[in-house]
file start.cif (mmCIF, C-alpha atoms)
data_query
loop_
_atom_site.label_atom_id
_atom_site.label_comp_id
_atom_site.auth_asym_id
_atom_site.auth_seq_id
_atom_site.Cartn_x
_atom_site.Cartn_y
_atom_site.Cartn_z
CA MET A 1 -10.23 -12.20 -6.37
CA PHE A 2 -11.68 -8.86 -7.32
CA VAL A 3 -10.08 -5.54 -8.02
CA ARG A 4 -11.41 -2.12 -7.06
CA GLU A 5 -10.33 1.47 -7.60
CA MET A 6 -8.80 3.02 -4.50
CA THR A 7 -9.92 6.45 -3.30
CA GLU A 8 -7.42 9.30 -3.47
CA GLN A 9 -7.21 9.24 0.32
CA GLU A 10 -6.31 5.53 0.26
CA CYS A 11 -3.71 6.16 -2.43
CA ILE A 12 -2.05 8.93 -0.43
CA ALA A 13 -2.12 6.75 2.70
CA LEU A 14 -0.36 3.92 0.88
CA VAL A 15 2.32 6.22 -0.49
CA ALA A 16 2.75 7.83 2.94
CA SER A 17 3.22 4.45 4.61
CA GLY A 18 5.88 3.31 2.12
CA ARG A 19 9.31 4.53 1.32
CA LEU A 20 10.26 2.51 -1.76
CA GLY A 21 8.82 3.31 -5.16
CA ARG A 22 9.72 2.91 -8.79
CA LEU A 23 10.16 6.10 -10.74
CA ALA A 24 9.85 6.37 -14.51
CA CYS A 25 11.02 9.25 -16.61
CA CYS A 26 11.32 9.51 -20.35
CA ARG A 27 13.34 11.23 -23.03
CA GLU A 28 12.96 11.16 -26.78
CA GLY A 29 10.21 8.58 -26.56
CA ARG A 30 12.19 6.18 -24.39
CA PRO A 31 11.17 5.38 -20.81
CA TYR A 32 13.56 4.60 -17.97
CA ILE A 33 12.74 3.15 -14.53
CA VAL A 34 14.68 3.12 -11.31
CA PRO A 35 13.79 2.22 -7.74
CA ILE A 36 13.78 5.25 -5.44
CA HIS A 37 13.49 5.92 -1.76
CA TYR A 38 11.23 8.80 -0.92
CA ALA A 39 9.43 10.56 1.90
CA LEU A 40 5.98 12.04 1.39
CA ALA A 41 4.94 15.45 2.71
CA SER A 42 2.13 17.68 1.50
CA ARG A 43 1.56 15.87 -1.79
CA CYS A 44 5.27 15.96 -2.59
CA LEU A 45 7.65 13.02 -2.73
CA TYR A 46 11.10 14.04 -1.57
CA GLY A 47 14.03 12.09 -2.89
CA PHE A 48 17.74 12.13 -3.09
CA SER A 49 20.11 10.99 -5.80
CA MET A 50 23.59 11.23 -7.16
CA LEU A 51 23.95 12.64 -10.64
CA GLY A 52 23.25 10.17 -13.40
CA GLN A 53 20.83 9.20 -16.13
CA LYS A 54 17.72 9.65 -14.00
CA ILE A 55 18.60 13.21 -12.95
CA GLU A 56 19.73 14.17 -16.45
CA TRP A 57 16.50 12.92 -17.95
CA MET A 58 14.28 14.54 -15.32
CA ARG A 59 16.07 17.86 -15.80
CA ASP A 60 15.31 17.53 -19.49
CA ASN A 61 11.70 16.41 -19.02
CA PRO A 62 10.20 16.92 -15.56
CA CYS A 63 7.09 14.79 -16.24
CA VAL A 64 7.55 11.65 -14.18
CA CYS A 65 5.52 8.71 -12.92
CA VAL A 66 5.98 6.85 -9.64
CA GLU A 67 4.50 3.50 -8.72
CA VAL A 68 4.23 2.32 -5.12
CA ASP A 69 2.79 -1.03 -4.21
CA GLU A 70 2.07 -3.35 -1.34
CA LEU A 71 2.08 -6.95 -2.43
CA VAL A 72 0.83 -9.32 0.25
CA SER A 73 0.02 -12.27 -2.00
CA HIS A 74 -1.04 -12.99 -5.56
CA ASN A 75 -4.63 -12.06 -4.74
CA GLN A 76 -4.08 -9.37 -2.16
CA TRP A 77 -2.24 -6.32 -3.34
CA LYS A 78 -2.46 -2.57 -3.81
CA SER A 79 -0.76 -0.57 -6.51
CA VAL A 80 -0.73 3.22 -6.71
CA VAL A 81 0.47 5.18 -9.72
CA LEU A 82 1.09 8.89 -9.55
CA SER A 83 2.04 11.43 -12.16
CA GLY A 84 3.95 14.47 -11.13
CA ARG A 85 6.58 17.04 -11.91
CA TYR A 86 10.22 16.84 -10.94
CA LEU A 87 11.60 19.87 -9.16
CA GLU A 88 15.17 20.19 -7.97
CA LEU A 89 15.85 21.71 -4.57
CA PRO A 90 19.25 23.36 -4.95
CA ASP A 91 21.26 24.48 -1.97
CA THR A 92 20.36 28.14 -2.18
CA ASP A 93 18.53 30.46 0.20
CA GLN A 94 15.40 30.20 -1.91
CA TRP A 95 15.12 26.47 -1.31
CA ARG A 96 16.77 26.18 2.07
CA HIS A 97 13.52 25.52 3.90
CA GLU A 98 12.46 22.76 1.47
CA ARG A 99 15.93 21.26 1.50
CA LEU A 100 16.01 21.10 5.29
CA HIS A 101 12.50 19.69 5.26
CA ALA A 102 13.59 16.98 2.81
CA TRP A 103 16.56 16.15 4.99
CA SER A 104 14.45 15.95 8.12
CA LEU A 105 12.02 13.54 6.45
CA LEU A 106 14.61 11.38 4.76
CA GLU A 107 17.07 11.10 7.61
CA LYS A 108 14.42 9.24 9.59
CA HIS A 109 15.12 6.25 7.36
CA VAL A 110 18.21 4.27 8.14
CA ASN A 111 20.41 4.23 5.06
CA TRP A 112 17.86 6.22 3.18
CA TRP A 113 20.48 7.15 0.59
CA GLU A 114 20.40 3.81 -1.15
CA PRO A 115 19.80 2.82 -3.89
CA GLY A 116 19.91 6.27 -5.51
CA GLY A 117 22.77 7.55 -3.45
CA LEU A 118 25.54 5.21 -4.48
CA LYS A 119 27.23 4.53 -7.76
CA PRO A 120 28.87 1.20 -8.59
CA GLY A 121 32.38 0.74 -7.36
CA PRO A 122 34.11 1.32 -4.08
CA GLN A 123 33.01 4.69 -2.85
CA PRO A 124 32.90 5.85 0.74
CA ILE A 125 29.57 7.25 1.85
CA ALA A 126 31.31 10.41 2.97
CA ASP A 127 32.41 11.01 -0.60
CA ALA A 128 31.83 14.58 -1.63
CA SER A 129 30.05 13.68 -4.87
CA PRO A 130 27.33 16.10 -5.85
CA HIS A 131 24.02 15.00 -4.34
CA VAL A 132 20.75 16.20 -5.74
CA PHE A 133 17.67 16.75 -3.63
CA TYR A 134 14.45 16.82 -5.51
CA CYS A 135 10.75 16.60 -5.05
CA ILE A 136 7.99 15.17 -7.20
CA ASP A 137 4.92 17.36 -7.00
CA ILE A 138 1.97 14.98 -7.30
CA GLU A 139 -0.49 16.05 -10.00
CA GLU A 140 -2.60 12.92 -10.31
CA ILE A 141 -2.83 9.77 -8.23
CA THR A 142 -4.83 6.60 -8.76
CA GLY A 143 -4.67 3.10 -7.40
CA ARG A 144 -6.14 -0.35 -7.46
CA ALA A 145 -6.59 -2.83 -4.66
CA ALA A 146 -7.12 -6.55 -5.05
CA MET A 147 -8.75 -8.78 -2.49
CA ALA A 148 -9.50 -12.46 -2.38
CA GLY A 149 -13.08 -13.56 -2.80
CA GLU A 150 -16.06 -11.85 -4.34
CA PRO A 151 -17.14 -8.22 -4.00
CA VAL A 152 -19.49 -7.64 -1.01
CA MET B 1 27.73 -1.35 1.52
CA PHE B 2 29.12 -1.21 -1.98
CA VAL B 3 27.46 -1.37 -5.34
CA ARG B 4 28.75 -3.10 -8.44
CA GLU B 5 27.62 -3.46 -12.03
CA MET B 6 26.12 -6.87 -12.79
CA THR B 7 27.21 -8.83 -15.83
CA GLU B 8 24.66 -9.40 -18.59
CA GLN B 9 24.51 -13.06 -17.61
CA GLU B 10 23.69 -12.13 -14.00
CA CYS B 11 21.03 -9.69 -15.20
CA ILE B 12 19.35 -12.33 -17.38
CA ALA B 13 19.53 -14.85 -14.52
CA LEU B 14 17.77 -12.42 -12.16
CA VAL B 15 15.02 -11.69 -14.68
CA ALA B 16 14.64 -15.42 -15.40
CA SER B 17 14.24 -16.22 -11.72
CA GLY B 18 11.56 -13.58 -11.16
CA ARG B 19 8.08 -13.14 -12.46
CA LEU B 20 7.12 -9.68 -11.23
CA GLY B 21 8.48 -6.55 -12.85
CA ARG B 22 7.53 -2.94 -13.32
CA LEU B 23 7.00 -1.83 -16.89
CA ALA B 24 7.24 1.76 -18.07
CA CYS B 25 5.99 3.08 -21.36
CA CYS B 26 5.60 6.66 -22.51
CA ARG B 27 3.51 8.80 -24.78
CA GLU B 28 3.83 12.48 -25.64
CA GLY B 29 6.62 12.90 -23.13
CA ARG B 30 4.71 11.36 -20.24
CA PRO B 31 5.80 8.09 -18.62
CA TYR B 32 3.48 5.50 -17.11
CA ILE B 33 4.39 2.53 -14.89
CA VAL B 34 2.51 -0.63 -14.05
CA PRO B 35 3.49 -3.86 -12.32
CA ILE B 36 3.49 -6.81 -14.71
CA HIS B 37 3.83 -10.55 -14.46
CA TYR B 38 6.06 -12.03 -17.10
CA ALA B 39 7.90 -15.16 -18.16
CA LEU B 40 11.31 -14.99 -19.78
CA ALA B 41 12.31 -17.07 -22.79
CA SER B 42 15.06 -16.39 -25.31
CA ARG B 43 15.60 -12.77 -24.37
CA CYS B 44 11.88 -12.07 -24.56
CA LEU B 45 9.55 -11.24 -21.70
CA TYR B 46 6.10 -12.67 -22.34
CA GLY B 47 3.17 -10.95 -20.71
CA PHE B 48 -0.54 -10.82 -20.72
CA SER B 49 -2.94 -7.93 -20.23
CA MET B 50 -6.43 -6.74 -20.72
CA LEU B 51 -6.87 -3.72 -22.94
CA GLY B 52 -6.20 -0.43 -21.23
CA GLN B 53 -3.82 2.50 -21.01
CA LYS B 54 -0.68 0.36 -20.98
CA ILE B 55 -1.58 -1.53 -24.17
CA GLU B 56 -2.80 1.62 -25.92
CA TRP B 57 0.42 3.42 -25.13
CA MET B 58 2.67 0.50 -26.11
CA ARG B 59 0.82 0.14 -29.42
CA ASP B 60 1.51 3.81 -30.00
CA ASN B 61 5.15 3.68 -28.86
CA PRO B 62 6.72 0.21 -28.54
CA CYS B 63 9.84 1.44 -26.71
CA VAL B 64 9.46 0.19 -23.15
CA CYS B 65 11.55 -0.29 -20.04
CA VAL B 66 11.18 -3.02 -17.43
CA GLU B 67 12.74 -3.08 -13.98
CA VAL B 68 13.09 -6.28 -11.97
CA ASP B 69 14.60 -6.32 -8.53
CA GLU B 70 15.41 -8.55 -5.61
CA LEU B 71 15.43 -6.60 -2.37
CA VAL B 72 16.77 -8.63 0.53
CA SER B 73 17.59 -5.73 2.83
CA HIS B 74 18.59 -2.08 2.66
CA ASN B 75 22.19 -3.05 1.90
CA GLN B 76 21.63 -6.20 -0.10
CA TRP B 77 19.71 -5.81 -3.31
CA LYS B 78 19.86 -6.26 -7.04
CA SER B 79 18.10 -4.16 -9.61
CA VAL B 80 18.01 -4.88 -13.32
CA VAL B 81 16.72 -2.45 -15.94
CA LEU B 82 16.04 -3.53 -19.49
CA SER B 83 15.00 -1.64 -22.57
CA GLY B 84 13.07 -3.40 -25.23
CA ARG B 85 10.38 -3.31 -27.84
CA TYR B 86 6.76 -4.23 -27.36
CA LEU B 87 5.37 -6.72 -29.83
CA GLU B 88 1.82 -8.00 -29.78
CA LEU B 89 1.16 -11.69 -30.41
CA PRO B 90 -2.26 -11.76 -32.05
CA ASP B 91 -4.24 -14.95 -32.37
CA THR B 92 -3.38 -15.62 -35.99
CA ASP B 93 -1.54 -18.47 -37.70
CA GLN B 94 1.56 -16.33 -38.02
CA TRP B 95 1.90 -15.99 -34.26
CA ARG B 96 0.31 -19.24 -33.14
CA HIS B 97 3.61 -20.79 -32.10
CA GLU B 98 4.66 -17.76 -30.04
CA ARG B 99 1.21 -17.45 -28.51
CA LEU B 100 1.20 -21.09 -27.42
CA HIS B 101 4.73 -20.68 -26.15
CA ALA B 102 3.65 -17.66 -24.09
CA TRP B 103 0.71 -19.62 -22.70
CA SER B 104 2.90 -22.55 -21.79
CA LEU B 105 5.33 -20.33 -19.90
CA LEU B 106 2.75 -18.19 -18.17
CA GLU B 107 0.35 -20.91 -17.14
CA LYS B 108 3.06 -22.34 -14.90
CA HIS B 109 2.37 -19.46 -12.56
CA VAL B 110 -0.67 -19.77 -10.36
CA ASN B 111 -2.93 -16.83 -11.06
CA TRP B 112 -0.44 -15.45 -13.50
CA TRP B 113 -3.10 -13.19 -14.98
CA GLU B 114 -2.99 -10.70 -12.11
CA PRO B 115 -2.44 -7.79 -11.86
CA GLY B 116 -2.65 -7.04 -15.58
CA GLY B 117 -5.48 -9.42 -16.27
CA LEU B 118 -8.23 -7.90 -14.21
CA LYS B 119 -9.97 -4.58 -14.32
CA PRO B 120 -11.57 -3.00 -11.26
CA GLY B 121 -15.08 -4.13 -10.43
CA PRO B 122 -16.76 -7.47 -10.19
CA GLN B 123 -15.67 -9.45 -13.19
CA PRO B 124 -15.50 -13.21 -13.47
CA ILE B 125 -12.18 -14.58 -14.61
CA ALA B 126 -13.95 -16.46 -17.35
CA ASP B 127 -15.14 -13.16 -18.75
CA ALA B 128 -14.64 -13.02 -22.49
CA SER B 129 -12.90 -9.63 -22.44
CA PRO B 130 -10.22 -9.24 -25.06
CA HIS B 131 -6.89 -10.41 -23.70
CA VAL B 132 -3.66 -9.30 -25.26
CA PHE B 133 -0.54 -11.44 -25.35
CA TYR B 134 2.63 -9.57 -25.92
CA CYS B 135 6.35 -9.91 -25.68
CA ILE B 136 9.09 -7.44 -24.86
CA ASP B 137 12.12 -8.11 -27.00
CA ILE B 138 15.11 -7.21 -24.83
CA GLU B 139 17.50 -4.82 -26.56
CA GLU B 140 19.65 -3.71 -23.65
CA ILE B 141 19.96 -4.97 -20.10
CA THR B 142 22.01 -3.64 -17.19
CA GLY B 143 21.95 -4.13 -13.45
CA ARG B 144 23.46 -3.20 -10.15
CA ALA B 145 24.00 -5.32 -7.09
CA ALA B 146 24.58 -4.02 -3.57
CA MET B 147 26.30 -5.94 -0.84
CA ALA B 148 27.10 -5.17 2.76
CA GLY B 149 30.69 -4.45 3.66
CA GLU B 150 33.60 -3.31 1.56
CA PRO B 151 34.66 -4.51 -1.91
CA VAL B 152 37.03 -7.48 -1.82
#
call {"tool": "encode", "arguments": {"input": "start.cif", "output": "structure tokens"}}
result
Amino acid sequence: MFVREMTEQECIALVASGRLGRLACCREGRPYIVPIHYALASRCLYGFSMLGQKIEWMRDNPCVCVEVDELVSHNQWKSVVLSGRYLELPDTDQWRHERLHAWSLLEKHVNWWEPGGLKPGPQPIADASPHVFYCIDIEEITGRAAMAGEPV
Amino acid sequence: MFVREMTEQECIALVASGRLGRLACCREGRPYIVPIHYALASRCLYGFSMLGQKIEWMRDNPCVCVEVDELVSHNQWKSVVLSGRYLELPDTDQWRHERLHAWSLLEKHVNWWEPGGLKPGPQPIADASPHVFYCIDIEEITGRAAMAGEPV
């Protein structure tokens, strides 16, 4: 097996082809990770969440990191790590276009609202809990790809 | 679909049954995530890595977070998040027992050294690069499980 750096174009392509990532945020020197569903458009990851620790922390510190991977086998995998800034898309005129854009991208996924969209306990999906739309503006993206065998 | 909190015992069982997690560390308010391979023993995750950003950051700030999940389908998944402290297991008499213990757990996995064990570029596995053994001492662990249908 050998490992190589992926080009930025390859990294973006991997993120664009996926919809599940792991997002890390941090507060007071403590990191926190959660799985997220996202949709990529124009170097932004759009996501959706109910209020909770992740949103509170990202409001406090918008510097986040997202990892997206494609694991085929122990010696064939790709892993992309991106750093970006969290930006909330509130339901106001100023952000209406972005909000609708986020909806249009995310609604393509069946049940795109999980896992961020539900809290533990019985709770109908139609519940009127406050939902937060956000985007992660990608500032830096790098990745590594592993392949079996020796480099050509 | 409904989501429930997992018990601590269920969380530990999920982490024990897996070997791939995503680890987040942070420095100067910036988080960083990488996939890791680990082995669990006595509320410690043992891992292995070559030197790099992850190790540098964890040496600087040992507060880390690891997420382990089991995604069966969009409405059947478990996700466990643990907070813990990074501790290096140097090759000295003081840590010999732990180091051997880490070896014994990790060597059960075929190719357990990827993805943390290789750097991009052609590099034989027998390369004498400095390898770091570490453990993450679990301080807090929580998890959520999603199931199709309605709560019983």
call {"tool": "residues_around", "arguments": {"input": "start.cif", "residues": "A:Ile136", "least_positions_apart": "5", "cutoff": "10 Å", "atoms": "all atoms listed in the file", "output": "PyMOL selection string"}}
result
chain A and resi 23+38+40+43-47+62-66+82-88
call {"tool": "atom_distance", "arguments": {"input": "start.cif", "atom1": "atom CA of B:Glu140", "atom2": "atom CA of B:Thr7"}}
result
12.0 Å
call {"tool": "atom_distance", "arguments": {"input": "start.cif", "atom1": "atom CA of A:Val68", "atom2": "atom CA of A:Arg22"}}
result
6.6 Å
call {"tool": "interface_residues", "arguments": {"input": "start.cif", "of": "chain A", "to": "chain B", "cutoff": "8 Å", "atoms": "only C-alpha atoms", "output": "ChimeraX atom specification"}}
result
/A:2-5,22-35,61,63-67,74-75,79,81,83,111,114,118-123,144,150-151
call {"tool": "write_last_selection", "arguments": {"input": "start.cif", "atoms": "C-alpha atoms", "output": "compact mmCIF listing (two decimals), keeping the file's coordinate frame"}}
result
# COMPACT_ATOMS: atom_id res chain seq x y z
CA PHE A 2 -11.68 -8.86 -7.32
CA VAL A 3 -10.08 -5.54 -8.02
CA ARG A 4 -11.41 -2.12 -7.06
CA GLU A 5 -10.33 1.47 -7.60
CA ARG A 22 9.72 2.91 -8.79
CA LEU A 23 10.16 6.10 -10.74
CA ALA A 24 9.85 6.37 -14.51
CA CYS A 25 11.02 9.25 -16.61
CA CYS A 26 11.32 9.51 -20.35
CA ARG A 27 13.34 11.23 -23.03
CA GLU A 28 12.96 11.16 -26.78
CA GLY A 29 10.21 8.58 -26.56
CA ARG A 30 12.19 6.18 -24.39
CA PRO A 31 11.17 5.38 -20.81
CA TYR A 32 13.56 4.60 -17.97
CA ILE A 33 12.74 3.15 -14.53
CA VAL A 34 14.68 3.12 -11.31
CA PRO A 35 13.79 2.22 -7.74
CA ASN A 61 11.70 16.41 -19.02
CA CYS A 63 7.09 14.79 -16.24
CA VAL A 64 7.55 11.65 -14.18
CA CYS A 65 5.52 8.71 -12.92
CA VAL A 66 5.98 6.85 -9.64
CA GLU A 67 4.50 3.50 -8.72
CA HIS A 74 -1.04 -12.99 -5.56
CA ASN A 75 -4.63 -12.06 -4.74
CA SER A 79 -0.76 -0.57 -6.51
CA VAL A 81 0.47 5.18 -9.72
CA SER A 83 2.04 11.43 -12.16
CA ASN A 111 20.41 4.23 5.06
CA GLU A 114 20.40 3.81 -1.15
CA LEU A 118 25.54 5.21 -4.48
CA LYS A 119 27.23 4.53 -7.76
CA PRO A 120 28.87 1.20 -8.59
CA GLY A 121 32.38 0.74 -7.36
CA PRO A 122 34.11 1.32 -4.08
CA GLN A 123 33.01 4.69 -2.85
CA ARG A 144 -6.14 -0.35 -7.46
CA GLU A 150 -16.06 -11.85 -4.34
CA PRO A 151 -17.14 -8.22 -4.00
call {"tool": "calpha_fit_and_write", "arguments": {"input": "start.cif", "fixed": "chain B", "moving": "chain A", "output": "mmCIF file with C-alpha atoms, in the frame of the given file"}}
result
data_model
loop_
_atom_site.group_PDB
_atom_site.id
_atom_site.type_symbol
_atom_site.label_atom_id
_atom_site.label_comp_id
_atom_site.auth_asym_id
_atom_site.auth_seq_id
_atom_site.Cartn_x
_atom_site.Cartn_y
_atom_site.Cartn_z
ATOM 1 C CA MET A 1 27.750 -1.338 1.519
ATOM 2 C CA PHE A 2 29.130 -1.207 -1.980
ATOM 3 C CA VAL A 3 27.466 -1.356 -5.338
ATOM 4 C CA ARG A 4 28.759 -3.099 -8.449
ATOM 5 C CA GLU A 5 27.614 -3.462 -12.041
ATOM 6 C CA MET A 6 26.117 -6.867 -12.762
ATOM 7 C CA THR A 7 27.205 -8.848 -15.820
ATOM 8 C CA GLU A 8 24.658 -9.410 -18.577
ATOM 9 C CA GLN A 9 24.518 -13.075 -17.595
ATOM 10 C CA GLU A 10 23.675 -12.128 -13.994
ATOM 11 C CA CYS A 11 21.017 -9.708 -15.206
ATOM 12 C CA ILE A 12 19.351 -12.344 -17.375
ATOM 13 C CA ALA A 13 19.512 -14.850 -14.503
ATOM 14 C CA LEU A 14 17.764 -12.422 -12.165
ATOM 15 C CA VAL A 15 15.023 -11.689 -14.675
ATOM 16 C CA ALA A 16 14.631 -15.413 -15.397
ATOM 17 C CA SER A 17 14.245 -16.219 -11.704
ATOM 18 C CA GLY A 18 11.558 -13.564 -11.150
ATOM 19 C CA ARG A 19 8.095 -13.132 -12.460
ATOM 20 C CA LEU A 20 7.120 -9.667 -11.229
ATOM 21 C CA GLY A 21 8.485 -6.544 -12.858
ATOM 22 C CA ARG A 22 7.525 -2.938 -13.332
ATOM 23 C CA LEU A 23 6.999 -1.827 -16.891
ATOM 24 C CA ALA A 24 7.236 1.768 -18.073
ATOM 25 C CA CYS A 25 5.983 3.090 -21.353
ATOM 26 C CA CYS A 26 5.610 6.650 -22.506
ATOM 27 C CA ARG A 27 3.515 8.804 -24.785
ATOM 28 C CA GLU A 28 3.827 12.463 -25.634
ATOM 29 C CA GLY A 29 6.621 12.915 -23.132
ATOM 30 C CA ARG A 30 4.719 11.365 -20.239
ATOM 31 C CA PRO A 31 5.816 8.101 -18.615
ATOM 32 C CA TYR A 32 3.491 5.502 -17.122
ATOM 33 C CA ILE A 33 4.397 2.529 -14.898
ATOM 34 C CA VAL A 34 2.517 -0.614 -14.050
ATOM 35 C CA PRO A 35 3.486 -3.846 -12.328
ATOM 36 C CA ILE A 36 3.491 -6.812 -14.710
ATOM 37 C CA HIS A 37 3.838 -10.540 -14.473
ATOM 38 C CA TYR A 38 6.067 -12.023 -17.107
ATOM 39 C CA ALA A 39 7.891 -15.160 -18.166
ATOM 40 C CA LEU A 40 11.308 -14.977 -19.793
ATOM 41 C CA ALA A 41 12.318 -17.071 -22.800
ATOM 42 C CA SER A 42 15.070 -16.399 -25.312
ATOM 43 C CA ARG A 43 15.608 -12.760 -24.365
ATOM 44 C CA CYS A 44 11.883 -12.058 -24.574
ATOM 45 C CA LEU A 45 9.547 -11.242 -21.709
ATOM 46 C CA TYR A 46 6.104 -12.663 -22.350
ATOM 47 C CA GLY A 47 3.181 -10.950 -20.721
ATOM 48 C CA PHE A 48 -0.533 -10.818 -20.735
ATOM 49 C CA SER A 49 -2.934 -7.945 -20.240
ATOM 50 C CA MET A 50 -6.441 -6.733 -20.735
ATOM 51 C CA LEU A 51 -6.887 -3.705 -22.939
ATOM 52 C CA GLY A 52 -6.199 -0.418 -21.226
ATOM 53 C CA GLN A 53 -3.815 2.499 -20.995
ATOM 54 C CA LYS A 54 -0.674 0.367 -20.976
ATOM 55 C CA ILE A 55 -1.590 -1.528 -24.157
ATOM 56 C CA GLU A 56 -2.799 1.618 -25.915
ATOM 57 C CA TRP A 57 0.422 3.422 -25.130
ATOM 58 C CA MET A 58 2.665 0.508 -26.107
ATOM 59 C CA ARG A 59 0.814 0.143 -29.408
ATOM 60 C CA ASP A 60 1.512 3.813 -29.998
ATOM 61 C CA ASN A 61 5.147 3.679 -28.869
ATOM 62 C CA PRO A 62 6.702 0.220 -28.554
ATOM 63 C CA CYS A 63 9.832 1.441 -26.714
ATOM 64 C CA VAL A 64 9.459 0.198 -23.159
ATOM 65 C CA CYS A 65 11.557 -0.282 -20.042
ATOM 66 C CA VAL A 66 11.187 -3.018 -17.433
ATOM 67 C CA GLU A 67 12.736 -3.076 -13.990
ATOM 68 C CA VAL A 68 13.090 -6.278 -11.978
ATOM 69 C CA ASP A 69 14.599 -6.327 -8.536
ATOM 70 C CA GLU A 70 15.407 -8.537 -5.604
ATOM 71 C CA LEU A 71 15.434 -6.606 -2.376
ATOM 72 C CA VAL A 72 16.770 -8.613 0.548
ATOM 73 C CA SER A 73 17.584 -5.703 2.848
ATOM 74 C CA HIS A 74 18.590 -2.060 2.662
ATOM 75 C CA ASN A 75 22.179 -3.031 1.888
ATOM 76 C CA GLN A 76 21.635 -6.194 -0.084
ATOM 77 C CA TRP A 77 19.726 -5.816 -3.293
ATOM 78 C CA LYS A 78 19.879 -6.268 -7.048
ATOM 79 C CA SER A 79 18.098 -4.158 -9.610
ATOM 80 C CA VAL A 80 18.005 -4.885 -13.334
ATOM 81 C CA VAL A 81 16.720 -2.458 -15.941
ATOM 82 C CA LEU A 82 16.045 -3.532 -19.486
ATOM 83 C CA SER A 83 15.008 -1.631 -22.564
ATOM 84 C CA GLY A 84 13.070 -3.394 -25.226
ATOM 85 C CA ARG A 85 10.386 -3.299 -27.856
ATOM 86 C CA TYR A 86 6.768 -4.242 -27.355
ATOM 87 C CA LEU A 87 5.373 -6.723 -29.835
ATOM 88 C CA GLU A 88 1.821 -8.005 -29.787
ATOM 89 C CA LEU A 89 1.180 -11.682 -30.424
ATOM 90 C CA PRO A 90 -2.252 -11.761 -32.049
ATOM 91 C CA ASP A 91 -4.224 -14.952 -32.374
ATOM 92 C CA THR A 92 -3.386 -15.624 -35.992
ATOM 93 C CA ASP A 93 -1.549 -18.470 -37.701
ATOM 94 C CA GLN A 94 1.546 -16.317 -38.022
ATOM 95 C CA TRP A 95 1.895 -15.989 -34.264
ATOM 96 C CA ARG A 96 0.312 -19.221 -33.131
ATOM 97 C CA HIS A 97 3.605 -20.790 -32.111
ATOM 98 C CA GLU A 98 4.663 -17.748 -30.044
ATOM 99 C CA ARG A 99 1.218 -17.461 -28.513
ATOM 100 C CA LEU A 100 1.210 -21.100 -27.438
ATOM 101 C CA HIS A 101 4.741 -20.679 -26.146
ATOM 102 C CA ALA A 102 3.648 -17.660 -24.090
ATOM 103 C CA TRP A 103 0.732 -19.615 -22.698
ATOM 104 C CA SER A 104 2.902 -22.573 -21.787
ATOM 105 C CA LEU A 105 5.339 -20.334 -19.902
ATOM 106 C CA LEU A 106 2.752 -18.206 -18.166
ATOM 107 C CA GLU A 107 0.350 -20.937 -17.155
ATOM 108 C CA LYS A 108 3.064 -22.369 -14.922
ATOM 109 C CA HIS A 109 2.370 -19.490 -12.549
ATOM 110 C CA VAL A 110 -0.674 -19.809 -10.379
ATOM 111 C CA ASN A 111 -2.929 -16.842 -11.044
ATOM 112 C CA TRP A 112 -0.445 -15.466 -13.480
ATOM 113 C CA TRP A 113 -3.126 -13.216 -14.959
ATOM 114 C CA GLU A 114 -3.026 -10.716 -12.143
ATOM 115 C CA PRO A 115 -2.461 -7.810 -11.859
ATOM 116 C CA GLY A 116 -2.655 -7.078 -15.596
ATOM 117 C CA GLY A 117 -5.496 -9.427 -16.282
ATOM 118 C CA LEU A 118 -8.247 -7.898 -14.207
ATOM 119 C CA LYS A 119 -9.986 -4.575 -14.310
ATOM 120 C CA PRO A 120 -11.589 -2.985 -11.249
ATOM 121 C CA GLY A 121 -15.068 -4.115 -10.436
ATOM 122 C CA PRO A 122 -16.747 -7.462 -10.169
ATOM 123 C CA GLN A 123 -15.677 -9.457 -13.161
ATOM 124 C CA PRO A 124 -15.520 -13.220 -13.418
ATOM 125 C CA ILE A 125 -12.192 -14.590 -14.572
ATOM 126 C CA ALA A 126 -13.961 -16.468 -17.331
ATOM 127 C CA ASP A 127 -15.135 -13.166 -18.757
ATOM 128 C CA ALA A 128 -14.630 -13.026 -22.481
ATOM 129 C CA SER A 129 -12.896 -9.640 -22.429
ATOM 130 C CA PRO A 130 -10.232 -9.238 -25.067
ATOM 131 C CA HIS A 131 -6.879 -10.390 -23.699
ATOM 132 C CA VAL A 132 -3.654 -9.277 -25.267
ATOM 133 C CA PHE A 133 -0.545 -11.415 -25.349
ATOM 134 C CA TYR A 134 2.639 -9.563 -25.936
ATOM 135 C CA CYS A 135 6.350 -9.904 -25.684
ATOM 136 C CA ILE A 136 9.092 -7.433 -24.872
ATOM 137 C CA ASP A 137 12.130 -8.116 -27.008
ATOM 138 C CA ILE A 138 15.111 -7.206 -24.830
ATOM 139 C CA GLU A 139 17.504 -4.812 -26.571
ATOM 140 C CA GLU A 140 19.657 -3.722 -23.652
ATOM 141 C CA ILE A 141 19.974 -4.971 -20.097
ATOM 142 C CA THR A 142 22.014 -3.660 -17.190
ATOM 143 C CA GLY A 143 21.933 -4.131 -13.462
ATOM 144 C CA ARG A 144 23.456 -3.215 -10.159
ATOM 145 C CA ALA A 145 23.996 -5.322 -7.083
ATOM 146 C CA ALA A 146 24.577 -4.033 -3.580
ATOM 147 C CA MET A 147 26.288 -5.952 -0.828
ATOM 148 C CA ALA A 148 27.098 -5.155 2.753
ATOM 149 C CA GLY A 149 30.686 -4.430 3.648
ATOM 150 C CA GLU A 150 33.610 -3.310 1.557
ATOM 151 C CA PRO A 151 34.639 -4.506 -1.902
ATOM 152 C CA VAL A 152 37.034 -7.515 -1.786
#
call {"tool": "resolve_selection", "arguments": {"input": "start.cif", "expression": "the PyMOL selection byres ((chain B and resi 37) around 6)", "output": "PyMOL selection string"}}
result
chain B and resi 19-20+36+38
call {"tool": "resolve_selection", "arguments": {"input": "start.cif", "expression": "the PyMOL selection byres ((chain B and resi 101) around 12)", "output": "ChimeraX atom specification"}}
result
/B:39-42,44-47,89,95-100,102-108,133-135
